[in-house]
Amino acid sequence: MTSLTAFLVVVGLVALERLAELVVSKRNAAWSLERGGIESGQRHFPVMVALHTGFLAAMVVEALVRRPDVPTALAWSMLALVAASQALRWWCIATLGHRWNTRVIVVPGLPPVTGGPYRLLRHPNYVAVVVEGAALPLVHACWLTAVGFTVLNAALLTVRIRCENAALATLPAVSRA
């Protein structure tokens, strides 16, 4: 198997993982909305969907058009970071349970989640997205996609995190007694 074929398989697996996320997200969003959940950030959500979809397509196109030489050490180290980012993402999903989805929906009266990776970071899922956004294209030396996505994603996350923080501020405080 060539490195290009291996890379396309990895990107395909990530795309399948994204589809699994969407299934979980849809189910969890319905759960939150049935309990009076309030959605914020609807205007930036289509931009996020387009960016993440374009990200997968862009690295495939870049790999097929540029056909870069890929240093083995780069490929394996970036693949390790991709695996770590996936593990962190699913740790976030498992920790948030029914409350995790791809939208910003908070259920009034439920306190913020402070366990799992949320003990350490306020937005660990976005750390996973940032790491994966740089590492996945670099598995096949697609540095144009890595840089482009990183810049565009930074702008999007500025809006997204501001929106999410405002939504989370409406939840009751967690007592640390």
# chains A, B, ... in the order shown; residues from 1 in each chain; ligands from 1
$ residues_around --residues "Ala134 of chain A" --least-positions-apart "2" --cutoff "8 Å" --atoms "only C-alpha atoms" --output "PyMOL selection string"
chain A and resi 130-132+136-138+146-147+149-150
$ write_last_selection --atoms "N, CA and C atoms" --output "PDB file, in the first residue's frame"
ATOM      1  N   VAL A 130      -8.189  21.412  17.228  1.00  0.00           N
ATOM      2  CA  VAL A 130      -7.000  22.155  16.800  1.00  0.00           C
ATOM      3  C   VAL A 130      -5.851  21.200  16.482  1.00  0.00           C
ATOM      4  N   VAL A 131      -5.616  20.240  17.368  1.00  0.00           N
ATOM      5  CA  VAL A 131      -4.523  19.279  17.139  1.00  0.00           C
ATOM      6  C   VAL A 131      -4.796  18.468  15.874  1.00  0.00           C
ATOM      7  N   GLU A 132      -6.007  17.956  15.740  1.00  0.00           N
ATOM      8  CA  GLU A 132      -6.340  17.169  14.560  1.00  0.00           C
ATOM      9  C   GLU A 132      -6.258  18.013  13.284  1.00  0.00           C
ATOM     10  N   LEU A 136      -3.731  15.931  11.036  1.00  0.00           N
ATOM     11  CA  LEU A 136      -4.268  15.033  10.013  1.00  0.00           C
ATOM     12  C   LEU A 136      -3.731  15.341   8.615  1.00  0.00           C
ATOM     13  N   PRO A 137      -3.742  16.582   8.159  1.00  0.00           N
ATOM     14  CA  PRO A 137      -3.176  16.833   6.827  1.00  0.00           C
ATOM     15  C   PRO A 137      -1.671  16.538   6.764  1.00  0.00           C
ATOM     16  N   LEU A 138      -0.980  16.745   7.887  1.00  0.00           N
ATOM     17  CA  LEU A 138       0.466  16.535   7.884  1.00  0.00           C
ATOM     18  C   LEU A 138       0.849  15.059   7.895  1.00  0.00           C
ATOM     19  N   ALA A 146      -3.171  22.142   6.254  1.00  0.00           N
ATOM     20  CA  ALA A 146      -2.933  22.305   7.696  1.00  0.00           C
ATOM     21  C   ALA A 146      -2.921  23.784   8.082  1.00  0.00           C
ATOM     22  N   VAL A 147      -2.202  24.594   7.310  1.00  0.00           N
ATOM     23  CA  VAL A 147      -2.113  26.030   7.613  1.00  0.00           C
ATOM     24  C   VAL A 147      -3.452  26.720   7.354  1.00  0.00           C
ATOM     25  N   PHE A 149      -6.563  25.502   7.233  1.00  0.00           N
ATOM     26  CA  PHE A 149      -7.584  25.132   8.209  1.00  0.00           C
ATOM     27  C   PHE A 149      -7.289  25.753   9.566  1.00  0.00           C
ATOM     28  N   THR A 150      -6.036  25.727   9.971  1.00  0.00           N
ATOM     29  CA  THR A 150      -5.675  26.277  11.283  1.00  0.00           C
ATOM     30  C   THR A 150      -6.052  27.753  11.388  1.00  0.00           C
TER      31      THR A 150
END
$ residues_around --residues "Leu33 of chain A" --least-positions-apart "5" --cutoff "9 Å" --atoms "only C-alpha atoms" --output "NGL selection string"
:A and (28 or 38-39 or 105-107)
$ write_last_selection --atoms "N, CA and C atoms" --output "mmCIF file, in the first residue's frame"
data_model
loop_
_atom_site.group_PDB
_atom_site.id
_atom_site.type_symbol
_atom_site.label_atom_id
_atom_site.label_comp_id
_atom_site.auth_asym_id
_atom_site.auth_seq_id
_atom_site.Cartn_x
_atom_site.Cartn_y
_atom_site.Cartn_z
ATOM 1 N N ASN A 28 -28.374 13.497 20.852
ATOM 2 C CA ASN A 28 -28.165 14.279 22.065
ATOM 3 C C ASN A 28 -28.798 15.664 21.987
ATOM 4 N N ILE A 38 -31.707 25.403 25.297
ATOM 5 C CA ILE A 38 -31.715 26.648 24.537
ATOM 6 C C ILE A 38 -30.483 26.646 23.634
ATOM 7 N N GLU A 39 -30.717 26.824 22.327
ATOM 8 C CA GLU A 39 -29.619 26.817 21.369
ATOM 9 C C GLU A 39 -29.130 28.236 21.109
ATOM 10 N N ILE A 105 -26.023 24.029 22.798
ATOM 11 C CA ILE A 105 -27.334 23.895 23.438
ATOM 12 C C ILE A 105 -27.092 23.658 24.922
ATOM 13 N N VAL A 106 -27.681 24.497 25.753
ATOM 14 C CA VAL A 106 -27.597 24.287 27.199
ATOM 15 C C VAL A 106 -28.992 24.048 27.747
ATOM 16 N N VAL A 107 -29.072 23.168 28.717
ATOM 17 C CA VAL A 107 -30.340 22.861 29.383
ATOM 18 C C VAL A 107 -30.372 23.668 30.674
#
$ residues_around --residues "Gly12 of chain A" --least-positions-apart "4" --cutoff "12 Å" --atoms "only C-alpha atoms" --output "PyMOL selection string"
chain A and resi 5-8+16-19+56-57+59-60+136
$ residues_around --residues "Leu96 of chain A" --least-positions-apart "4" --cutoff "10 Å" --atoms "only C-alpha atoms" --output "list in words"
Asn28, Trp90, Trp91, Cys92, Trp100, Asn101, Pro112, Val113, Thr114, Gly115, Gly116, Pro117 and Tyr118 of chain A
$ closest_residue --among "A:Thr170, A:Thr2, A:Asn153, A:Asn165" --to "Arg67 of chain A" --atoms "only C-alpha atoms"
A:Thr2
$ residues_around --residues "Gln42 of chain A" --least-positions-apart "3" --cutoff "12 Å" --atoms "only C-alpha atoms" --output "list in words"
Ile38, Glu39, Phe45, Pro46, Val47, Met48, Val49, Thr102, Arg103, Val104, Ile105, Val159, Arg160, Cys163 and Glu164 of chain A
